[in-house]
Amino acid sequence: MSAVEHGAGAGGGSYLTSERGLRSWLLTVDHKRIGVMYLGVIVGTLILGGVFALALRLHLWNPAGGLVSNDTYNKLFTLHGAVMVFLFVIPGIPSALGNFVLPLQVGAKDVAFPRVNLLSFYLYLAGAVLFLVTLVVGGLDTGWTLYPPYSLEGSRGLGILIALVGVFLAGFSSILTGVNFIATIHKLRPPDMGWFDLPLFLWALYATAIIQILATPVLGITAALGFMERIFHLGIFMPEYGGDPVLFQHFFWFYSHPAVYIMILPAMGIVSEVVSVFSRKPIFGYRFIAMSSLAIAVIGFLVWGHHMFVSGQSRWANVIFSFLTMLVAIPSAIKVFNWLATMYKGVIILKTPMLYVLSFFAIFGVGGLTGLFLGALATDIPLHDTYFVVAHFHFVMVGAVMIAFLAGVHYWWPKMTGRMYDERLGTISAVLVFLGFNLTFIPQFLSGIGGMPRRYATYAAEFTTQNRVSTVGAFVLTAGLVIALYGLLASLGRSGRRAPANPWGAASLEWSAAASPPSHHNFDTPPRGVRPYDFSVLRKVSEEAGWVNAGGEAP
Amino acid sequence: MDHHAAPPAGPPPQAAPPALPASVLLGTAGALLALTAVTVASSRLDLGSFNVVLALAIAGLKASLVAMFFMHLKYENRFQAVVFVSALFFVALFIGFVVFDTMQYQPEVRAATEAAAPAR
Amino acid sequence: MNGTATTRPGSAGPSPFLAGHFRSMGEQLDTSKLGLWLFLASELLFFGGLFVAYAVYRANHPELFHYAHHFLDWRMGGLNTLVLIGSSLTAAWAVRSAQLGRQGELRLMLLATLLLASLFLVVKYFEYAHKLHHGVFWGAAYHPSEEILASLPAALRAAPVPAHLGTFFSIYFLMTGLHGIHVLVGMGLYLWLIRRAGRGHFGPGYYVPVDAVALYWHLVDMIWIFLFPLFYLI
């Protein structure tokens with residue numbers, strides 16, 4: 001196939017057209033189709049969580065609230081958190097982008113266990129549906145962290161029980177995805193692709209998968225125990241039956257802290273890919289970044305108690321967890337310096353993925369640094385349960401992870417769909433998202449330092465300006481996201497520009513050896529390993545035809 | 001890209017592992033049965049808190065035999081053993097830390113319970 | 001693990017069980033075993049949470065465990081231990097039979113594993129039924145009958161009854177119950193293997209499912225190896 005034919009997408013049997021009909025999608029075992037289905041549902045959960053967020057921000061326009069009752073407010077922030085964390089941020093990048101890209105980058109025809117992959121999707125979907133069901137049976141008002149004794153009291157209603165089952169199923173989905181990814185990376189590489197020939201996105205997914213396999217089962221048992229406690233009054237967590245509620249927090253955070261690394265590691269993987277390609281320079285410090293990913297995964301298991309400094313946890317535990325929390329910042333910092341060094345003296349190409357990645361640097365920098373104030377015991381005490389915490393985790397979960405997700409979706413969109421998104425709309429969306437995001441969350445750092453508590457439906461009048469700026473920012477952010485979505489979907493229409501196999505001049509296998517979109521089996525011939533950041537072997541033909549391998553042949 | 005007929009078969013898979021000899025299987029089962037008897041017998045002795053340690057040690061030995069021989073970890077790719085041992089390590093970490101923490105605040109819990117009890 | 005039928009030109013001996021995305025049967029076997037071990041790691045963490053609950057309550061309320069474990073009959077627990085060890089032996093032997101191509105022996109070993117697993121559950125049923133009949137429930141529902149209290153050793157009957165005994169039984173029922181569910185799932189898997197073995201699917205060239213299910217089964221055995229002393233003996 002030559003570079004001039006626009007890949008298999010021209011109707012020559014790509015994975016999108018190789019089989020037709022609803023059943024061929026619903027019963028597919030093709031990792032690309034599964035990735036696309038995940039992407040659809042995940043964008044849906046982002047929209048759902050976002051609607052809750054907008055309702056919250058509107059309610060907080062006035063210090064006395066007024067849009068909804070206090071009870072409804074509690075349900076809104078609970079479901080906003082639960083939907084966003086469990087259904088969007090944790091599965092987002094690995095399931096939607098990872099599933100699609102991993103086998104391509106590793107030179108394989110599919111993941112190691114394709115049918116397990118489909119099972120993962122349906123488990124995730126079932127979990128998502130159950131969260132929707134909680135809305136109907138009266139909602140959930142416990143906070144996404146579901147702490148007993150409040151959450152497991154008999155008078156809570158069905159919502160908590162359904163949510164616990166939803167969490168369990170979504171968690172099982174995550175575990176199976178992790179198993180698939182590690183097995184694939186270990187066993188399905190070409191013989192000449194060594195560990196240090198892997199693109200860094202794969203190192204990121206590998207480290208993520210370690211956490212998925214080892215941490216998520218603890219969430220599963222926590223959900224199961226909570227469920228059983230509520231129904232059978234077991235006396236594990238509920239003090240009135242002899243239980244210990246702080247024990248729940250240990251269980252919950254043993255998973256949920258490593259979970260934030262499930263969120264950020266794939267995001268960092270995307271950043272590594274994009275920053276290198278759009279600086280036209282091999283990534284700086286490849287081995288440091290790879291090893292840092294593993295270090296983050298391991299150290300991430302040792303710091304869960306920093307969510308529990310004021311819970312009644314012992315003083316010794318507090319000190320040890322605080323110290324270990326300082327350590328986990330180090331590998332992240334190493335990565336940031338390596339990315340910046342990659343850009344130094346590079347040729348910076350300001351396309352949409354790179355704009356999002358530049359936003360990432362600024363926002364993740366602030367988000368990560370503010371984590372240090374929360375990790376230090378003395379400063380955490382006054383900041384705990386204030387908007388400072390809320391701002392910190394939105395900076396890292398939204399400003400870093402969601403923005404990296406958008407970078408990745410734009411970056412791999414040509415590969416997934418065979419179409420180029422509109423660059424102007426992409427640019428506008430990136431700018432609006434950056435502006436809107438900062439407008440929304442910087443005031444929250446300020447109100448947090450001022451003492452405004454989180455999860456309150458009303459606030460003191462002195463915080464009015466900050467809240468209103470934040471609300472305006474939320475709508476600007478929403479506008480940016482809507483434009484991004486529109487820009488992507490519009491490319492699928494009749495006037496959408498067809499994508500060449502390698503529009504960005506990247507060297508990893510999904511670009512250099514597969515069509516846009518790829519054929520059902522990914523590669524015509526089994527590919528050989530390549531150096532994934534060696535751009536010298538590529539030359540640009542034209543904007544339309546993209547880049548080709550120096551030998552002249554494109555996939 | 002060259003186009004040879006037979007594709008390379010991936011990172012070289014191990015030669016199909018040989019079947020475990022009957023003697024190894026029976027020997028392992030025998031050892032497990034014997035150790036079960038030892039566990040029961042030793043639990044009858046009153047060694048105070050050492051009983052727990054001893055029981056766990058014997059159970060650990062039995063589990064190692066199951067893992068190394070029945071699950072043929074001894075003959076397999078070392079990475080699989082790494083996977084298994086890492087999981088055990090994290091379980092130990094989880095147990096160790098949580099027990100340590102809960103034990104630290106038990107005196108306060110006891111005091112609070114006793115203070116509340118007379119009120120009932 | 002078992003694949004859709006594919007013959008691939010140039011591959012080392014077309015097998016109807018080689019899944020299309022693997023390059024050889026050896027790769028399929030290696031990858032499937034790694035996948036199973038990764039899944040077992042997750043199972044260890046899943047049960048590990050319950051071991052945390054056990055450890056916390058034992059460390060903070062040792063009197064609870066010293067008292068309550070007398071409610072459990074060590075002979076039934078011991079019998080179940082022997083049953084599971086036996087079933088691990090037959091499960092591992094089944095893998096050996098498949099590798100050596102001994103079909104009759106394979107089917108016998110698979111069946112034996114299934115029967116021993118059923119025996120485990122039968123014994124478990126009697127244990128649970130006895131307890132529930134005598135009001136030995138979990139948590140707040142713990143209301144022991146006079147009969148069962150009278151069956152405790154004399155020294156224990158004289159001692160003060162620890163508070164929140166129900167918590168011991170919560171942990172007991174949770175752990176043995178979750179383990180029992182895993183035994184049930186294992187039985188289902190062995191039934192599936194027996195059916196496939198009956199159709200002659202397994203042999204030296206292809207025995208991944210037998211190996212994989214056996215690995216799962218050995219984990220179930222391993223967990224019981226810990227549960228038995230922790231609840232019945234100490």
# chains A, B, ... in the order shown; residues from 1 in each chain; ligands from 1

call {"tool": "residues_around", "arguments": {"residues": "Ala67 of chain B", "least_positions_apart": "2", "cutoff": "12 Å", "atoms": "only C-alpha atoms", "output": "PyMOL selection string"}}
result
(chain B and resi 28+32+60-65+69-76+80-81+84-85) or (chain C and resi 37+40+88+92+214-223)

call {"tool": "interface_residues", "arguments": {"of": "chain A", "to": "chain B", "cutoff": "8 Å", "atoms": "only C-alpha atoms", "output": "list of chain:residue names"}}
result
A:Lys187, A:Leu188, A:Arg189, A:Pro190, A:Pro191, A:Leu214, A:Leu247, A:His250, A:Phe254, A:Gly312, A:Gln313, A:Ser314, A:Trp316, A:Ala317, A:Thr525, A:Pro526, A:Pro527, A:Arg528

call {"tool": "residues_around", "arguments": {"residues": "segment 382-395 of chain A", "least_positions_apart": "5", "cutoff": "8 Å", "atoms": "only C-alpha atoms", "output": "ChimeraX atom specification"}}
result
/A:310,363-364,366-368,370-371,374,400,441-442,444-449,451-454

call {"tool": "write_last_selection", "arguments": {"atoms": "N, CA and C atoms", "output": "compact mmCIF listing (two decimals), in the first residue's frame"}}
result
# COMPACT_ATOMS: atom_id res chain seq x y z
N VAL A 310 -6.40 12.93 59.76
CA VAL A 310 -7.26 13.36 60.87
C VAL A 310 -8.33 12.34 61.21
N ILE A 363 -0.24 22.78 34.50
CA ILE A 363 -1.25 22.41 35.49
C ILE A 363 -0.76 21.29 36.40
N PHE A 364 -0.10 20.28 35.82
CA PHE A 364 0.41 19.19 36.65
C PHE A 364 1.47 19.69 37.61
N VAL A 366 1.62 22.64 39.08
CA VAL A 366 0.94 23.23 40.24
C VAL A 366 0.24 22.14 41.06
N GLY A 367 -0.46 21.26 40.36
CA GLY A 367 -1.19 20.21 41.08
C GLY A 367 -0.28 19.36 41.94
N GLY A 368 0.86 18.96 41.35
CA GLY A 368 1.79 18.12 42.10
C GLY A 368 2.37 18.86 43.29
N THR A 370 1.12 21.36 44.96
CA THR A 370 0.17 21.58 46.04
C THR A 370 -0.07 20.30 46.83
N GLY A 371 0.22 19.17 46.23
CA GLY A 371 0.12 17.91 46.97
C GLY A 371 1.09 17.87 48.13
N LEU A 374 -0.30 19.16 51.24
CA LEU A 374 -1.24 18.23 51.85
C LEU A 374 -0.53 17.02 52.44
N ALA A 400 -4.49 17.45 34.69
CA ALA A 400 -3.45 16.59 34.14
C ALA A 400 -4.07 15.42 33.38
N PHE A 441 -10.55 26.47 38.95
CA PHE A 441 -9.95 25.86 40.11
C PHE A 441 -8.95 26.69 40.88
N ILE A 442 -8.36 27.71 40.25
CA ILE A 442 -7.44 28.53 41.05
C ILE A 442 -8.17 29.23 42.20
N GLN A 444 -10.43 28.14 43.86
CA GLN A 444 -10.71 27.16 44.91
C GLN A 444 -9.51 26.96 45.84
N PHE A 445 -8.28 27.12 45.30
CA PHE A 445 -7.13 27.09 46.21
C PHE A 445 -7.26 28.22 47.23
N LEU A 446 -7.67 29.39 46.70
CA LEU A 446 -7.76 30.56 47.57
C LEU A 446 -8.86 30.40 48.61
N SER A 447 -10.03 29.94 48.17
CA SER A 447 -11.09 29.80 49.17
C SER A 447 -10.73 28.70 50.18
N GLY A 448 -9.98 27.70 49.70
CA GLY A 448 -9.55 26.64 50.62
C GLY A 448 -8.63 27.15 51.70
N ILE A 449 -7.65 27.95 51.29
CA ILE A 449 -6.75 28.53 52.29
C ILE A 449 -7.53 29.42 53.23
N GLY A 451 -10.34 28.83 54.28
CA GLY A 451 -11.07 27.99 55.22
C GLY A 451 -12.41 27.48 54.74
N MET A 452 -12.76 27.70 53.47
CA MET A 452 -14.06 27.21 53.01
C MET A 452 -14.06 25.68 53.00
N PRO A 453 -15.01 25.06 53.74
CA PRO A 453 -15.03 23.61 53.79
C PRO A 453 -15.59 23.00 52.51
N ARG A 454 -15.14 21.78 52.18
CA ARG A 454 -15.66 21.09 51.02
C ARG A 454 -16.94 20.37 51.40

call {"tool": "closest_residue", "arguments": {"among": "A:Gly365, A:Pro114, A:Gly436, A:Gly300", "to": "chain C", "atoms": "only C-alpha atoms"}}
result
A:Pro114

call {"tool": "residues_around", "arguments": {"residues": "Pro204 of chain C", "least_positions_apart": "3", "cutoff": "9 Å", "atoms": "only C-alpha atoms", "output": "short mmCIF file (atom, residue, chain, number, x, y, z; two decimals) with C-alpha atoms, in the first residue's frame"}}
result
data_model
loop_
_atom_site.label_atom_id
_atom_site.label_comp_id
_atom_site.auth_asym_id
_atom_site.auth_seq_id
_atom_site.Cartn_x
_atom_site.Cartn_y
_atom_site.Cartn_z
CA ALA B 16 7.07 -27.34 26.43
CA SER C 97 -1.84 -37.14 32.21
CA ALA C 98 -2.67 -34.59 29.54
CA GLN C 99 1.00 -33.91 28.89
CA LEU C 100 1.63 -37.64 28.48
CA GLY C 101 -1.44 -38.14 26.32
CA TYR C 207 -3.42 -28.79 27.53
#

call {"tool": "interface_residues", "arguments": {"of": "chain C", "to": "chain B", "cutoff": "7 Å", "atoms": "only C-alpha atoms", "output": "number ranges by chain"}}
result
C: 10-11, 23-24, 26-27, 30, 34, 37-38, 41, 44-45, 48, 52, 55-56, 59-60, 82, 85, 89, 92, 96, 99, 215, 218, 222, 225-226, 229, 233-234

call {"tool": "write_last_selection", "arguments": {"atoms": "C-alpha atoms", "output": "mmCIF file, in the first residue's frame"}}
result
data_model
loop_
_atom_site.group_PDB
_atom_site.id
_atom_site.type_symbol
_atom_site.label_atom_id
_atom_site.label_comp_id
_atom_site.auth_asym_id
_atom_site.auth_seq_id
_atom_site.Cartn_x
_atom_site.Cartn_y
_atom_site.Cartn_z
ATOM 1 C CA GLY C 10 3.706 -21.816 7.683
ATOM 2 C CA SER C 11 2.996 -22.187 11.387
ATOM 3 C CA ARG C 23 2.273 -17.058 16.726
ATOM 4 C CA SER C 24 2.669 -20.593 18.084
ATOM 5 C CA GLY C 26 4.186 -22.484 22.792
ATOM 6 C CA GLU C 27 3.451 -18.775 22.909
ATOM 7 C CA ASP C 30 3.297 -19.368 28.014
ATOM 8 C CA LEU C 34 1.352 -15.826 32.783
ATOM 9 C CA TRP C 37 -0.586 -16.134 37.525
ATOM 10 C CA LEU C 38 -1.429 -12.443 37.196
ATOM 11 C CA ALA C 41 -2.035 -12.341 42.212
ATOM 12 C CA LEU C 44 -4.321 -13.101 46.702
ATOM 13 C CA LEU C 45 -5.000 -9.410 47.259
ATOM 14 C CA GLY C 48 -5.733 -10.631 51.541
ATOM 15 C CA VAL C 52 -6.328 -8.084 57.187
ATOM 16 C CA ALA C 55 -5.382 -10.032 61.721
ATOM 17 C CA VAL C 56 -6.808 -6.767 63.044
ATOM 18 C CA ALA C 59 -4.459 -8.665 67.334
ATOM 19 C CA ASN C 60 -6.877 -6.438 69.182
ATOM 20 C CA LEU C 82 -7.055 -33.772 53.549
ATOM 21 C CA ILE C 85 -4.817 -31.771 49.416
ATOM 22 C CA LEU C 89 -2.874 -33.995 43.833
ATOM 23 C CA ALA C 92 -1.805 -31.723 39.203
ATOM 24 C CA ARG C 96 0.594 -34.750 33.875
ATOM 25 C CA GLN C 99 1.003 -33.911 28.893
ATOM 26 C CA LEU C 215 -3.355 -23.420 38.942
ATOM 27 C CA HIS C 218 -4.129 -24.991 43.812
ATOM 28 C CA MET C 222 -3.493 -22.842 49.471
ATOM 29 C CA ILE C 225 -4.216 -24.398 54.121
ATOM 30 C CA PHE C 226 -4.166 -21.099 55.988
ATOM 31 C CA PRO C 229 -5.231 -23.577 61.422
ATOM 32 C CA LEU C 233 -6.743 -24.876 65.682
ATOM 33 C CA ILE C 234 -5.459 -21.746 67.370
#

call {"tool": "closest_atom_pairs", "arguments": {"of": "chain A", "to": "chain C", "cutoff": "10 Å", "atoms": "only C-alpha atoms", "output": "JSON lines"}}
result
{"residue": "A:Ala108", "atom": "CA", "partner": "C:His21", "partner_atom": "CA", "distance": 7.4}
{"residue": "A:Lys109", "atom": "CA", "partner": "C:His21", "partner_atom": "CA", "distance": 5.3}
{"residue": "A:Asp110", "atom": "CA", "partner": "C:His21", "partner_atom": "CA", "distance": 6.0}
{"residue": "A:Val111", "atom": "CA", "partner": "C:His21", "partner_atom": "CA", "distance": 8.0}
{"residue": "A:Ala112", "atom": "CA", "partner": "C:Thr31", "partner_atom": "CA", "distance": 7.0}
{"residue": "A:Phe113", "atom": "CA", "partner": "C:Met1", "partner_atom": "CA", "distance": 7.2}
{"residue": "A:Pro114", "atom": "CA", "partner": "C:His21", "partner_atom": "CA", "distance": 8.9}
{"residue": "A:Arg115", "atom": "CA", "partner": "C:Met1", "partner_atom": "CA", "distance": 9.0}
{"residue": "A:Val116", "atom": "CA", "partner": "C:Met1", "partner_atom": "CA", "distance": 9.6}
{"residue": "A:Phe172", "atom": "CA", "partner": "C:Ser42", "partner_atom": "CA", "distance": 9.7}
{"residue": "A:Ile175", "atom": "CA", "partner": "C:Ser42", "partner_atom": "CA", "distance": 7.4}
{"residue": "A:Leu176", "atom": "CA", "partner": "C:Phe39", "partner_atom": "CA", "distance": 7.6}
{"residue": "A:Gly178", "atom": "CA", "partner": "C:Leu38", "partner_atom": "CA", "distance": 8.6}
{"residue": "A:Val179", "atom": "CA", "partner": "C:Leu38", "partner_atom": "CA", "distance": 5.8}
{"residue": "A:Asn180", "atom": "CA", "partner": "C:Gly35", "partner_atom": "CA", "distance": 7.0}
{"residue": "A:Phe181", "atom": "CA", "partner": "C:Gly35", "partner_atom": "CA", "distance": 9.4}
{"residue": "A:Ile182", "atom": "CA", "partner": "C:Gly35", "partner_atom": "CA", "distance": 8.0}
{"residue": "A:Ala183", "atom": "CA", "partner": "C:Gly35", "partner_atom": "CA", "distance": 5.8}
{"residue": "A:Thr184", "atom": "CA", "partner": "C:Thr31", "partner_atom": "CA", "distance": 7.8}
{"residue": "A:His186", "atom": "CA", "partner": "C:Thr31", "partner_atom": "CA", "distance": 8.2}
{"residue": "A:Lys187", "atom": "CA", "partner": "C:Thr31", "partner_atom": "CA", "distance": 6.0}
{"residue": "A:Leu188", "atom": "CA", "partner": "C:Phe22", "partner_atom": "CA", "distance": 7.6}
{"residue": "A:Ile210", "atom": "CA", "partner": "C:Leu38", "partner_atom": "CA", "distance": 9.1}
{"residue": "A:Gln212", "atom": "CA", "partner": "C:Ser42", "partner_atom": "CA", "distance": 8.7}
{"residue": "A:Ile213", "atom": "CA", "partner": "C:Ser42", "partner_atom": "CA", "distance": 5.3}
{"residue": "A:Leu214", "atom": "CA", "partner": "C:Ser42", "partner_atom": "CA", "distance": 5.5}
{"residue": "A:Ala215", "atom": "CA", "partner": "C:Leu45", "partner_atom": "CA", "distance": 7.3}
{"residue": "A:Thr216", "atom": "CA", "partner": "C:Ser42", "partner_atom": "CA", "distance": 7.8}
{"residue": "A:Pro217", "atom": "CA", "partner": "C:Phe46", "partner_atom": "CA", "distance": 4.6}
{"residue": "A:Val218", "atom": "CA", "partner": "C:Phe46", "partner_atom": "CA", "distance": 5.5}
{"residue": "A:Leu219", "atom": "CA", "partner": "C:Phe46", "partner_atom": "CA", "distance": 8.3}
{"residue": "A:Gly220", "atom": "CA", "partner": "C:Phe46", "partner_atom": "CA", "distance": 6.9}
{"residue": "A:Ile221", "atom": "CA", "partner": "C:Phe46", "partner_atom": "CA", "distance": 5.8}
{"residue": "A:Thr222", "atom": "CA", "partner": "C:Gly49", "partner_atom": "CA", "distance": 7.6}
{"residue": "A:Ala224", "atom": "CA", "partner": "C:Leu174", "partner_atom": "CA", "distance": 9.9}
{"residue": "A:Leu225", "atom": "CA", "partner": "C:Leu174", "partner_atom": "CA", "distance": 8.6}
{"residue": "A:Met228", "atom": "CA", "partner": "C:Leu174", "partner_atom": "CA", "distance": 8.9}
{"residue": "A:Glu229", "atom": "CA", "partner": "C:Gly139", "partner_atom": "CA", "distance": 8.8}
{"residue": "A:Phe232", "atom": "CA", "partner": "C:Gly139", "partner_atom": "CA", "distance": 7.2}
{"residue": "A:His233", "atom": "CA", "partner": "C:Gly139", "partner_atom": "CA", "distance": 5.6}
{"residue": "A:Leu234", "atom": "CA", "partner": "C:Gly139", "partner_atom": "CA", "distance": 4.1}
{"residue": "A:Gly235", "atom": "CA", "partner": "C:Gly139", "partner_atom": "CA", "distance": 5.3}
{"residue": "A:Ile236", "atom": "CA", "partner": "C:Thr167", "partner_atom": "CA", "distance": 6.9}
{"residue": "A:Phe237", "atom": "CA", "partner": "C:Ala53", "partner_atom": "CA", "distance": 9.8}
{"residue": "A:Glu240", "atom": "CA", "partner": "C:Ala140", "partner_atom": "CA", "distance": 9.1}
{"residue": "A:Tyr241", "atom": "CA", "partner": "C:Ala140", "partner_atom": "CA", "distance": 6.0}
{"residue": "A:Gly242", "atom": "CA", "partner": "C:His164", "partner_atom": "CA", "distance": 5.9}
{"residue": "A:Gly243", "atom": "CA", "partner": "C:Thr167", "partner_atom": "CA", "distance": 7.8}
{"residue": "A:Asp244", "atom": "CA", "partner": "C:Tyr57", "partner_atom": "CA", "distance": 9.5}
{"residue": "A:Leu247", "atom": "CA", "partner": "C:Ala53", "partner_atom": "CA", "distance": 8.2}
{"residue": "A:Phe248", "atom": "CA", "partner": "C:Ala53", "partner_atom": "CA", "distance": 9.9}
{"residue": "A:Phe251", "atom": "CA", "partner": "C:Gly49", "partner_atom": "CA", "distance": 7.4}
{"residue": "A:Phe254", "atom": "CA", "partner": "C:Gly49", "partner_atom": "CA", "distance": 9.9}
{"residue": "A:His521", "atom": "CA", "partner": "C:His21", "partner_atom": "CA", "distance": 8.5}
{"residue": "A:Pro526", "atom": "CA", "partner": "C:Arg23", "partner_atom": "CA", "distance": 9.9}

call {"tool": "write_last_selection", "arguments": {"atoms": "C-alpha atoms", "output": "PDB file, in the first residue's frame"}}
result
ATOM      1  CA  ALA A 108       0.806  -7.690  17.874  1.00  0.00           C
ATOM      2  CA  LYS A 109      -2.457  -8.649  16.261  1.00  0.00           C
ATOM      3  CA  ASP A 110      -4.441  -8.226  19.445  1.00  0.00           C
ATOM      4  CA  VAL A 111      -4.114  -8.305  23.212  1.00  0.00           C
ATOM      5  CA  ALA A 112      -3.196 -11.591  24.860  1.00  0.00           C
ATOM      6  CA  PHE A 113      -6.763 -12.506  25.840  1.00  0.00           C
ATOM      7  CA  PRO A 114      -9.236 -10.875  23.434  1.00  0.00           C
ATOM      8  CA  ARG A 115     -12.370 -12.467  24.852  1.00  0.00           C
ATOM      9  CA  VAL A 116     -11.388 -11.445  28.376  1.00  0.00           C
ATOM     10  CA  PHE A 172     -13.147  -6.438  38.140  1.00  0.00           C
ATOM     11  CA  ILE A 175      -8.196  -6.059  36.989  1.00  0.00           C
ATOM     12  CA  LEU A 176      -8.795  -8.069  33.827  1.00  0.00           C
ATOM     13  CA  GLY A 178      -4.375  -5.100  33.758  1.00  0.00           C
ATOM     14  CA  VAL A 179      -3.840  -8.848  33.327  1.00  0.00           C
ATOM     15  CA  ASN A 180      -4.292  -8.512  29.575  1.00  0.00           C
ATOM     16  CA  PHE A 181      -1.861  -5.629  29.266  1.00  0.00           C
ATOM     17  CA  ILE A 182       0.975  -7.212  31.233  1.00  0.00           C
ATOM     18  CA  ALA A 183       0.637 -10.520  29.421  1.00  0.00           C
ATOM     19  CA  THR A 184       0.577  -8.770  26.048  1.00  0.00           C
ATOM     20  CA  HIS A 186       5.608  -9.597  28.052  1.00  0.00           C
ATOM     21  CA  LYS A 187       4.738 -12.169  25.452  1.00  0.00           C
ATOM     22  CA  LEU A 188       3.514 -10.707  22.186  1.00  0.00           C
ATOM     23  CA  ILE A 210       0.674  -3.637  38.071  1.00  0.00           C
ATOM     24  CA  GLN A 212      -4.667  -2.474  38.555  1.00  0.00           C
ATOM     25  CA  ILE A 213      -3.910  -6.086  39.426  1.00  0.00           C
ATOM     26  CA  LEU A 214      -2.629  -5.601  42.960  1.00  0.00           C
ATOM     27  CA  ALA A 215      -4.734  -2.704  44.278  1.00  0.00           C
ATOM     28  CA  THR A 216      -8.146  -3.127  42.694  1.00  0.00           C
ATOM     29  CA  PRO A 217      -8.960  -6.438  44.408  1.00  0.00           C
ATOM     30  CA  VAL A 218      -8.796  -4.591  47.718  1.00  0.00           C
ATOM     31  CA  LEU A 219     -11.483  -2.231  46.430  1.00  0.00           C
ATOM     32  CA  GLY A 220     -13.454  -5.304  45.484  1.00  0.00           C
ATOM     33  CA  ILE A 221     -13.254  -6.825  48.927  1.00  0.00           C
ATOM     34  CA  THR A 222     -14.038  -3.446  50.500  1.00  0.00           C
ATOM     35  CA  ALA A 224     -18.159  -6.691  49.212  1.00  0.00           C
ATOM     36  CA  LEU A 225     -17.538  -6.202  52.932  1.00  0.00           C
ATOM     37  CA  MET A 228     -22.374  -7.583  53.610  1.00  0.00           C
ATOM     38  CA  GLU A 229     -21.978  -5.309  56.624  1.00  0.00           C
ATOM     39  CA  PHE A 232     -25.903  -8.768  57.775  1.00  0.00           C
ATOM     40  CA  HIS A 233     -24.604  -6.392  60.451  1.00  0.00           C
ATOM     41  CA  LEU A 234     -21.294  -8.199  60.537  1.00  0.00           C
ATOM     42  CA  GLY A 235     -19.496  -5.907  62.927  1.00  0.00           C
ATOM     43  CA  ILE A 236     -16.414  -5.286  60.804  1.00  0.00           C
ATOM     44  CA  PHE A 237     -16.916  -1.571  60.201  1.00  0.00           C
ATOM     45  CA  GLU A 240     -22.511  -0.506  67.128  1.00  0.00           C
ATOM     46  CA  TYR A 241     -21.866  -4.144  66.197  1.00  0.00           C
ATOM     47  CA  GLY A 242     -18.249  -4.119  67.381  1.00  0.00           C
ATOM     48  CA  GLY A 243     -16.632  -2.893  64.207  1.00  0.00           C
ATOM     49  CA  ASP A 244     -14.012  -0.252  63.393  1.00  0.00           C
ATOM     50  CA  LEU A 247     -10.588   0.071  59.241  1.00  0.00           C
ATOM     51  CA  PHE A 248     -12.860   0.895  56.303  1.00  0.00           C
ATOM     52  CA  PHE A 251      -9.240  -0.660  53.142  1.00  0.00           C
ATOM     53  CA  PHE A 254      -5.206   1.094  50.163  1.00  0.00           C
ATOM     54  CA  HIS A 521      -5.304  -7.776  11.776  1.00  0.00           C
ATOM     55  CA  PRO A 526       4.510  -9.021  11.314  1.00  0.00           C
TER      56      PRO A 526
END

call {"tool": "residues_around", "arguments": {"residues": "Gly203 of chain C", "least_positions_apart": "2", "cutoff": "12 Å", "atoms": "only C-alpha atoms", "output": "ChimeraX atom specification"}}
result
/B:19 /C:15,17,94-107,196-201,205-211

call {"tool": "closest_residue", "arguments": {"among": "A:Leu488, A:Ala460, A:Val472, A:Leu294", "to": "Leu435 of chain A", "atoms": "only C-alpha atoms"}}
result
A:Val472

call {"tool": "select_by_dssp", "arguments": {"residues": "segment 161-281 of chain A", "states": "alpha helix (DSSP H)", "output": "ChimeraX atom specification"}}
result
/A:161-187,200-232,245-277

call {"tool": "atom_distance", "arguments": {"atom1": "atom CA of His143 of chain C", "atom2": "atom CA of Lys131 of chain C"}}
result
10.5 Å
